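Dropping structure_35.cif in here (mmCIF, C-alpha atoms):
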```cif
data_start
loop_
_atom_site.label_atom_id
_atom_site.label_comp_id
_atom_site.auth_asym_id
_atom_site.auth_seq_id
_atom_site.Cartn_x
_atom_site.Cartn_y
_atom_site.Cartn_z
CA MET F 1 0.00 0.00 0.00
CA GLU F 2 1.06 3.59 -0.07
CA PHE F 3 2.49 3.38 3.46
CA ASP F 4 4.68 0.43 2.64
CA SER F 5 6.14 2.17 -0.35
CA THR F 6 7.93 4.54 2.01
CA TYR F 7 8.91 1.89 4.53
CA PRO F 8 11.57 1.10 5.49
CA LYS F 9 13.56 3.11 2.98
CA VAL F 10 14.05 6.77 3.77
CA ILE F 11 12.34 7.80 6.98
CA MET F 12 11.23 11.37 6.65
CA PRO F 13 11.40 13.46 9.79
CA LEU F 14 8.02 14.12 11.30
CA PRO F 15 6.98 17.74 10.93
CA HIS F 16 5.59 19.88 13.68
CA LEU F 17 7.73 18.90 16.65
CA PRO F 18 9.28 22.22 17.68
CA LEU F 19 11.11 22.35 21.00
CA ASN F 20 8.21 24.25 22.56
CA ALA F 21 5.95 21.27 21.86
CA ILE F 22 8.07 19.07 24.12
CA THR F 23 7.71 18.93 27.91
CA ILE F 24 10.17 16.89 29.96
CA GLY F 25 9.22 15.57 33.39
CA ALA F 26 5.73 17.03 33.68
CA LEU F 27 4.05 16.68 37.06
CA ALA F 28 0.65 15.02 36.76
CA ASP F 29 -1.36 13.39 39.54
CA ASP F 30 -3.85 11.68 37.27
CA TRP F 31 -4.60 11.03 33.62
CA PRO F 32 -6.61 14.21 32.97
CA ALA F 33 -3.65 16.22 34.25
CA ALA F 34 -1.34 14.25 31.97
CA ILE F 35 -3.57 14.89 28.94
CA THR F 36 -3.78 18.55 29.92
CA ALA F 37 0.02 18.75 29.87
CA ALA F 38 -0.07 17.42 26.30
CA GLY F 39 -2.82 19.90 25.40
CA ASP F 40 -0.78 22.74 26.87
CA ALA F 41 2.19 21.75 24.70
CA LEU F 42 0.01 21.77 21.57
CA VAL F 43 -1.36 25.20 22.52
CA ARG F 44 2.14 26.51 23.26
CA SER F 45 3.40 25.42 19.85
CA GLY F 46 0.48 27.10 18.10
CA ALA F 47 -1.22 23.93 16.85
CA THR F 48 -4.42 24.14 18.85
CA THR F 49 -6.50 26.20 21.25
CA SER F 50 -7.29 24.98 24.74
CA ALA F 51 -10.70 23.75 23.59
CA TYR F 52 -8.85 20.90 21.86
CA THR F 53 -7.36 19.84 25.22
CA ASP F 54 -10.86 19.44 26.63
CA ARG F 55 -11.91 17.39 23.62
CA MET F 56 -8.93 15.04 24.03
CA ILE F 57 -10.05 14.41 27.63
CA GLU F 58 -13.64 13.85 26.46
CA VAL F 59 -12.52 11.12 24.05
CA ILE F 60 -11.09 9.14 26.97
CA ARG F 61 -14.12 9.79 29.18
CA GLU F 62 -16.36 8.49 26.39
CA PHE F 63 -14.39 5.51 25.10
CA GLY F 64 -11.94 4.61 27.86
CA ALA F 65 -8.19 4.24 27.97
CA TYR F 66 -7.88 2.69 24.51
CA ILE F 67 -5.56 5.53 23.56
CA VAL F 68 -2.87 3.82 25.65
CA ILE F 69 -1.77 1.95 22.56
CA ALA F 70 1.54 0.51 23.75
CA PRO F 71 3.18 -0.14 27.11
CA GLY F 72 3.79 3.24 28.74
CA LEU F 73 2.51 5.32 25.82
CA ALA F 74 -0.72 7.29 25.39
CA LEU F 75 -1.67 8.81 22.03
CA ALA F 76 -3.77 11.81 23.02
CA HIS F 77 -5.96 13.10 20.19
CA ALA F 78 -9.44 14.15 19.17
CA ARG F 79 -11.30 14.69 15.92
CA PRO F 80 -10.39 17.59 13.64
CA GLY F 81 -12.18 20.81 14.56
CA ALA F 82 -12.07 24.59 14.61
CA ASP F 83 -9.78 24.36 17.67
CA VAL F 84 -7.07 22.76 15.51
CA LEU F 85 -5.16 25.68 13.99
CA THR F 86 -2.64 23.51 12.14
CA ASP F 87 -1.46 19.90 12.16
CA GLY F 88 0.59 19.40 15.28
CA LEU F 89 2.51 16.92 17.35
CA CYS F 90 3.71 17.17 20.94
CA VAL F 91 5.58 14.94 23.36
CA VAL F 92 5.23 15.04 27.14
CA THR F 93 7.21 12.85 29.51
CA LEU F 94 5.93 12.45 33.04
CA ALA F 95 8.04 12.80 36.18
CA GLU F 96 6.04 9.90 37.65
CA PRO F 97 4.05 7.39 35.57
CA VAL F 98 0.27 7.73 35.73
CA ALA F 99 -2.41 5.01 35.47
CA PHE F 100 -4.97 5.54 32.72
CA GLY F 101 -6.95 2.37 33.45
CA HIS F 102 -5.62 0.24 30.59
CA PRO F 103 -5.43 -3.47 31.46
CA HIS F 104 -2.12 -4.11 29.69
CA ASN F 105 -0.27 -0.91 28.96
CA ASP F 106 -0.45 1.05 32.22
CA PRO F 107 1.24 3.00 33.68
CA VAL F 108 1.89 5.76 31.17
CA SER F 109 5.19 7.65 31.11
CA VAL F 110 5.04 9.23 27.66
CA ILE F 111 2.18 11.09 26.01
CA VAL F 112 2.23 11.89 22.33
CA GLY F 113 -0.35 14.49 21.46
CA LEU F 114 -1.69 14.62 17.93
CA ALA F 115 -3.82 17.30 16.32
CA VAL F 116 -4.93 16.99 12.71
CA SER F 117 -6.88 19.51 10.72
CA GLY F 118 -8.40 16.93 8.38
CA ALA F 119 -9.06 13.21 8.70
CA ASP F 120 -7.90 12.34 5.20
CA ASP F 121 -4.51 13.97 5.13
CA HIS F 122 -3.20 12.58 8.40
CA LEU F 123 -2.40 9.09 7.21
CA GLN F 124 1.13 9.76 6.02
CA PHE F 125 1.75 11.65 9.25
CA VAL F 126 0.59 8.66 11.28
CA ALA F 127 2.58 6.23 9.15
CA GLU F 128 5.68 8.20 10.06
CA LEU F 129 4.71 8.00 13.74
CA ALA F 130 4.47 4.24 13.35
CA ASN F 131 7.91 4.20 11.76
CA VAL F 132 9.30 5.86 14.89
CA PHE F 133 7.47 3.75 17.47
CA ASN F 134 7.72 0.35 15.79
CA ASP F 135 11.21 0.33 17.33
CA PRO F 136 10.54 -0.98 20.86
CA ALA F 137 13.53 0.97 22.22
CA VAL F 138 11.85 4.30 21.53
CA ILE F 139 9.29 4.49 24.37
CA PRO F 140 11.83 3.69 27.12
CA ALA F 141 14.27 6.13 25.50
CA LEU F 142 11.66 8.90 25.50
CA ALA F 143 10.59 8.10 29.07
CA GLY F 144 14.18 8.58 30.20
CA ALA F 145 14.85 11.70 28.16
CA THR F 146 16.33 14.63 30.04
CA THR F 147 16.28 17.23 27.26
CA ALA F 148 13.80 18.34 24.64
CA GLU F 149 16.58 18.21 22.05
CA PHE F 150 16.99 14.49 22.70
CA VAL F 151 13.27 13.93 22.12
CA GLN F 152 13.41 15.93 18.91
CA GLY F 153 16.32 13.78 17.80
CA VAL F 154 14.39 10.56 18.42
CA PHE F 155 11.69 11.76 16.04
CA GLY F 156 14.07 13.16 13.46
CA GLN F 157 16.80 10.55 13.48
CA THR F 158 15.08 7.23 13.77
CA GLU F 159 17.67 5.56 11.59
CA ALA F 160 20.18 5.84 14.42
CA LEU F 161 17.91 3.89 16.75
CA ALA F 162 16.78 1.26 14.29
CA MET L 1 -10.75 -10.41 2.41
CA LYS L 2 -11.56 -7.41 4.57
CA ILE L 3 -10.19 -6.40 7.94
CA VAL L 4 -11.64 -3.56 9.99
CA VAL L 5 -9.59 -1.62 12.53
CA MET L 6 -11.65 0.28 15.04
CA CYS L 7 -10.93 3.03 17.53
CA GLY L 8 -13.10 5.50 19.39
CA ILE L 9 -13.07 8.26 16.83
CA GLY L 10 -11.80 6.53 13.70
CA LEU L 11 -8.50 8.34 13.25
CA GLY L 12 -5.14 8.53 14.97
CA THR L 13 -5.07 5.24 16.86
CA SER L 14 -6.97 3.31 14.22
CA ALA L 15 -4.72 4.78 11.53
CA ILE L 16 -1.66 3.49 13.36
CA LEU L 17 -3.30 0.08 13.67
CA LYS L 18 -4.16 0.16 9.95
CA VAL L 19 -0.57 0.95 8.97
CA ASN L 20 0.84 -1.84 11.11
CA ALA L 21 -1.88 -4.35 10.19
CA GLU L 22 -0.97 -3.79 6.53
CA ARG L 23 2.68 -4.42 7.40
CA ALA L 24 1.70 -7.63 9.22
CA LEU L 25 -0.43 -8.81 6.27
CA GLU L 26 2.42 -8.14 3.90
CA ARG L 27 4.69 -10.22 6.08
CA LEU L 28 2.12 -13.03 6.08
CA ASP L 29 1.68 -12.62 2.31
CA ILE L 30 -2.08 -12.24 2.78
CA ASP L 31 -4.03 -10.03 0.40
CA ALA L 32 -6.64 -8.09 2.37
CA SER L 33 -8.04 -4.60 2.54
CA VAL L 34 -7.84 -2.79 5.87
CA GLN L 35 -10.47 -0.19 6.69
CA ALA L 36 -10.33 2.16 9.66
CA THR L 37 -13.56 3.05 11.40
CA ASP L 38 -14.93 4.41 14.66
CA VAL L 39 -17.33 2.98 17.22
CA ALA L 40 -20.31 4.55 15.49
CA GLY L 41 -19.39 3.11 12.10
CA VAL L 42 -18.16 -0.35 13.02
CA ARG L 43 -21.40 -2.20 12.45
CA ALA L 44 -21.66 -1.03 8.85
CA ALA L 45 -17.94 -1.33 8.17
CA ALA L 46 -17.69 -4.84 9.59
CA ALA L 47 -20.78 -6.26 7.87
CA ASP L 48 -18.61 -7.95 5.24
CA ALA L 49 -15.39 -8.16 7.25
CA GLN L 50 -13.68 -11.30 8.45
CA VAL L 51 -11.76 -9.71 11.30
CA ILE L 52 -12.08 -6.65 13.56
CA LEU L 53 -8.91 -5.42 15.25
CA THR L 54 -9.32 -3.15 18.26
CA SER L 55 -8.37 -2.40 21.84
CA SER L 56 -9.67 -4.40 24.80
CA GLU L 57 -11.40 -1.21 25.97
CA LEU L 58 -13.62 -1.11 22.91
CA VAL L 59 -14.67 -4.74 22.47
CA GLU L 60 -18.01 -4.28 24.19
CA ALA L 61 -18.85 -1.31 21.96
CA ILE L 62 -18.77 -3.52 18.86
CA GLY L 63 -21.90 -5.42 19.83
CA LYS L 64 -23.09 -8.36 17.76
CA THR L 65 -20.91 -9.26 14.80
CA ASN L 66 -20.00 -12.23 12.67
CA ALA L 67 -16.41 -11.10 12.36
CA ASP L 68 -13.66 -12.42 14.60
CA VAL L 69 -12.78 -9.75 17.13
CA ILE L 70 -9.07 -9.60 17.90
CA VAL L 71 -7.72 -7.50 20.76
CA ILE L 72 -4.38 -5.86 20.10
CA ASN L 73 -2.43 -4.81 23.18
CA ASN L 74 0.55 -3.06 21.58
CA TYR L 75 -0.36 -1.25 18.37
CA PHE L 76 3.31 -0.83 17.48
CA ASP L 77 4.21 -4.50 17.82
CA VAL L 78 3.96 -5.90 14.29
CA ASP L 79 4.99 -9.32 15.67
CA GLU L 80 1.86 -9.36 17.87
CA LEU L 81 -0.27 -8.47 14.85
CA VAL L 82 1.37 -11.15 12.72
CA ALA L 83 0.82 -13.82 15.38
CA LYS L 84 -2.82 -12.94 16.04
CA LEU L 85 -3.75 -12.47 12.38
CA GLU L 86 -2.09 -15.75 11.49
CA ILE L 87 -4.27 -17.59 14.02
CA ALA L 88 -7.47 -15.77 13.01
CA LEU L 89 -6.97 -16.19 9.29
CA GLY L 90 -5.72 -19.76 9.62
CA SER L 91 -2.91 -19.45 7.13
#
```
Would you give me this structure, written as structure tokens?
Amino acid sequence: MEFDSTYPKVIMPLPHLPLNAITIGALADDWPAAITAAGDALVRSGATTSAYTDRMIEVIREFGAYIVIAPGLALAHARPGADVLTDGLCVVTLAEPVAFGHPHNDPVSVIVGLAVSGADDHLQFVAELANVFNDPAVIPALAGATTAEFVQGVFGQTEALA
Amino acid sequence: MKIVVMCGIGLGTSAILKVNAERALERLDIDASVQATDVAGVRAAAADAQVILTSSELVEAIGKTNADVIVINNYFDVDELVAKLEIALGS
């Protein structure tokens, strides 16, 4: 398919991960606080307004912790909407892991926040995310990151980790 | 053959599952289409599907279906997808 045609040849760096979209060692007592930290990073980087943060929390309240899609990793996101100013990505690492209520993948140490302006054009974006995270070393590496530059490097230089 | 991947809102998580399910099918040399859907659309999408892939959190939301429902724990683990699809599709 179209995804496989780009995999695993040249891995393009994911767009939209400026340093101000990365938070290292956020303090969060519970999962809504953790999602809020991701929402704040998206707002800070100019991708969304705070209304999007509330919608990301609503998704979990409605459907449960299914967004914890791998051990230690939550993919915070909501549907496209007027509160998405531009496609955006953020990464938040937590000072202490937080339980989201997922039977297999709790507790969460890393939150990747995703905002897309349209449902159709996000597939290549997500395929690149999969390219990064299909390496099982990436989540522990992100969880232990001490600088935003390191996190940026993980997303831009996946070849080095592969 | 048709496989449906389902998440709460039909994008993001289900798109990741779609990408990696296609990689698993390629590894198994199985020709199948993979369609992403949300909870609201799963009944229609899965009407002619053999398999539904989703999270344990969402199994109950599927309701009655003739498709095999497979729970994926780690959406980034293509090996898990290969193993579970191989059992479900009996190749």
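You will find atom CA of Gly88 of chain F at 25.6 Å from atom CA of Asn73 of chain L.
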Residues of chain L within 10 Å of chain F, using all atoms listed in the file, as an MDAnalysis selection string? chainID L and resid 7:20 22:23 26 33 39 54:58 61 72:78
Starting from the PyMOL selection byres ((chain F and resi 38-52) around 10), expand the selection into actual residues of this file and give them as a PyMOL selection string. chain F and resi 16-23+26+32-37+53-58+75-93+110-117
Write to file, as a compact mmCIF listing (two decimals), keeping the file's coordinate frame, the residues of the selection just made, with C-alpha atoms.
```
# COMPACT_ATOMS: atom_id res chain seq x y z
CA HIS F 16 5.59 19.88 13.68
CA LEU F 17 7.73 18.90 16.65
CA PRO F 18 9.28 22.22 17.68
CA LEU F 19 11.11 22.35 21.00
CA ASN F 20 8.21 24.25 22.56
CA ALA F 21 5.95 21.27 21.86
CA ILE F 22 8.07 19.07 24.12
CA THR F 23 7.71 18.93 27.91
CA ALA F 26 5.73 17.03 33.68
CA PRO F 32 -6.61 14.21 32.97
CA ALA F 33 -3.65 16.22 34.25
CA ALA F 34 -1.34 14.25 31.97
CA ILE F 35 -3.57 14.89 28.94
CA THR F 36 -3.78 18.55 29.92
CA ALA F 37 0.02 18.75 29.87
CA THR F 53 -7.36 19.84 25.22
CA ASP F 54 -10.86 19.44 26.63
CA ARG F 55 -11.91 17.39 23.62
CA MET F 56 -8.93 15.04 24.03
CA ILE F 57 -10.05 14.41 27.63
CA GLU F 58 -13.64 13.85 26.46
CA LEU F 75 -1.67 8.81 22.03
CA ALA F 76 -3.77 11.81 23.02
CA HIS F 77 -5.96 13.10 20.19
CA ALA F 78 -9.44 14.15 19.17
CA ARG F 79 -11.30 14.69 15.92
CA PRO F 80 -10.39 17.59 13.64
CA GLY F 81 -12.18 20.81 14.56
CA ALA F 82 -12.07 24.59 14.61
CA ASP F 83 -9.78 24.36 17.67
CA VAL F 84 -7.07 22.76 15.51
CA LEU F 85 -5.16 25.68 13.99
CA THR F 86 -2.64 23.51 12.14
CA ASP F 87 -1.46 19.90 12.16
CA GLY F 88 0.59 19.40 15.28
CA LEU F 89 2.51 16.92 17.35
CA CYS F 90 3.71 17.17 20.94
CA VAL F 91 5.58 14.94 23.36
CA VAL F 92 5.23 15.04 27.14
CA THR F 93 7.21 12.85 29.51
CA VAL F 110 5.04 9.23 27.66
CA ILE F 111 2.18 11.09 26.01
CA VAL F 112 2.23 11.89 22.33
CA GLY F 113 -0.35 14.49 21.46
CA LEU F 114 -1.69 14.62 17.93
CA ALA F 115 -3.82 17.30 16.32
CA VAL F 116 -4.93 16.99 12.71
CA SER F 117 -6.88 19.51 10.72
```
What gap, in Å, lies between atom CA of Ala46 of chain L and atom CA of Asp29 of chain L? 22.1 Å
If the PyMOL selection byres ((chain L and resi 85-90) around 9) were run on this exact file, what residues would it hold? Put them as a PyMOL selection string. chain L and resi 21+24-25+28+50-51+68+70+80-84+91
Long-range neighbours of Val42 of chain L as an MDAnalysis selection string, 10 Å cut-off, only C-alpha atoms, 2 positions minimum in chain: chainID L and resid 4:7 10 35:40 44:47 52 61:63 65
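Atom CA of Met1 of chain L lies 7.0 Å from atom CA of Asp31 of chain L.
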To test the calculation: enclose all listed atoms of segment 37-43 of chain F in a box whose edges run along x, y and z, add 3 Å on each side, then state centre and edge lengths in Å to one decimal, as JSON.
```
{"center_x": -0.3, "center_y": 21.3, "center_z": 25.7, "size_x": 11.0, "size_y": 13.8, "size_z": 14.3}
```
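Distance check against Ser109 of chain F using all atoms listed in the file: of F:Leu27, F:Thr147, F:Arg61, F:Gly153, the minimum falls on F:Leu27.
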Missing atoms in segment 33-44 of chain F: can you complete it with all heavy atoms, as a tab-separated table (two decimals), keeping the file's coordinate frame?
```
chain	number	residue	atom	x	y	z
F	33	ALA	N	-4.74	15.26	34.14
F	33	ALA	CA	-3.65	16.22	34.25
F	33	ALA	C	-2.57	15.92	33.21
F	33	ALA	O	-1.96	16.84	32.63
F	33	ALA	CB	-3.07	16.18	35.66
F	34	ALA	N	-2.34	14.63	32.97
F	34	ALA	CA	-1.34	14.25	31.97
F	34	ALA	C	-1.77	14.68	30.56
F	34	ALA	O	-0.98	15.20	29.77
F	34	ALA	CB	-1.10	12.74	32.02
F	35	ILE	N	-3.05	14.47	30.25
F	35	ILE	CA	-3.57	14.89	28.94
F	35	ILE	C	-3.54	16.42	28.83
F	35	ILE	O	-3.24	16.98	27.77
F	35	ILE	CB	-5.01	14.37	28.72
F	35	ILE	CG1	-5.04	12.84	28.72
F	35	ILE	CG2	-5.60	14.92	27.41
F	35	ILE	CD1	-4.31	12.18	27.59
F	36	THR	N	-3.83	17.09	29.93
F	36	THR	CA	-3.78	18.55	29.92
F	36	THR	C	-2.37	19.05	29.62
F	36	THR	O	-2.19	20.04	28.89
F	36	THR	CB	-4.29	19.11	31.27
F	36	THR	OG1	-5.64	18.67	31.45
F	36	THR	CG2	-4.23	20.62	31.29
F	37	ALA	N	-1.37	18.36	30.16
F	37	ALA	CA	0.02	18.75	29.87
F	37	ALA	C	0.30	18.63	28.37
F	37	ALA	O	0.99	19.48	27.78
F	37	ALA	CB	0.99	17.88	30.67
F	38	ALA	N	-0.25	17.58	27.75
F	38	ALA	CA	-0.07	17.42	26.30
F	38	ALA	C	-0.83	18.52	25.55
F	38	ALA	O	-0.32	19.11	24.58
F	38	ALA	CB	-0.54	16.04	25.85
F	39	GLY	N	-2.05	18.82	26.02
F	39	GLY	CA	-2.82	19.90	25.40
F	39	GLY	C	-2.11	21.23	25.51
F	39	GLY	O	-2.07	22.02	24.55
F	40	ASP	N	-1.51	21.49	26.68
F	40	ASP	CA	-0.78	22.74	26.87
F	40	ASP	C	0.38	22.85	25.89
F	40	ASP	O	0.67	23.95	25.37
F	40	ASP	CB	-0.24	22.81	28.31
F	40	ASP	CG	-1.35	23.03	29.34
F	40	ASP	OD1	-2.49	23.34	28.95
F	40	ASP	OD2	-1.06	22.87	30.55
F	41	ALA	N	1.05	21.72	25.64
F	41	ALA	CA	2.19	21.75	24.70
F	41	ALA	C	1.72	22.04	23.28
F	41	ALA	O	2.38	22.77	22.52
F	41	ALA	CB	2.95	20.42	24.76
F	42	LEU	N	0.56	21.49	22.90
F	42	LEU	CA	0.01	21.77	21.57
F	42	LEU	C	-0.39	23.24	21.45
F	42	LEU	O	-0.18	23.88	20.41
F	42	LEU	CB	-1.19	20.87	21.28
F	42	LEU	CG	-0.88	19.39	21.00
F	42	LEU	CD1	-2.17	18.56	20.97
F	42	LEU	CD2	-0.12	19.22	19.68
F	43	VAL	N	-0.96	23.78	22.52
F	43	VAL	CA	-1.36	25.20	22.52
F	43	VAL	C	-0.11	26.08	22.42
F	43	VAL	O	-0.05	27.03	21.62
F	43	VAL	CB	-2.17	25.54	23.79
F	43	VAL	CG1	-2.36	27.05	23.91
F	43	VAL	CG2	-3.51	24.81	23.78
F	44	ARG	N	0.91	25.73	23.21
F	44	ARG	CA	2.14	26.51	23.26
F	44	ARG	C	2.81	26.57	21.88
F	44	ARG	O	3.39	27.58	21.49
F	44	ARG	CB	3.07	25.85	24.28
F	44	ARG	CG	4.12	26.73	24.89
F	44	ARG	CD	4.73	26.05	26.11
F	44	ARG	NE	5.29	24.75	25.82
F	44	ARG	CZ	5.10	23.66	26.56
F	44	ARG	NH1	4.37	23.70	27.65
F	44	ARG	NH2	5.67	22.51	26.22
```
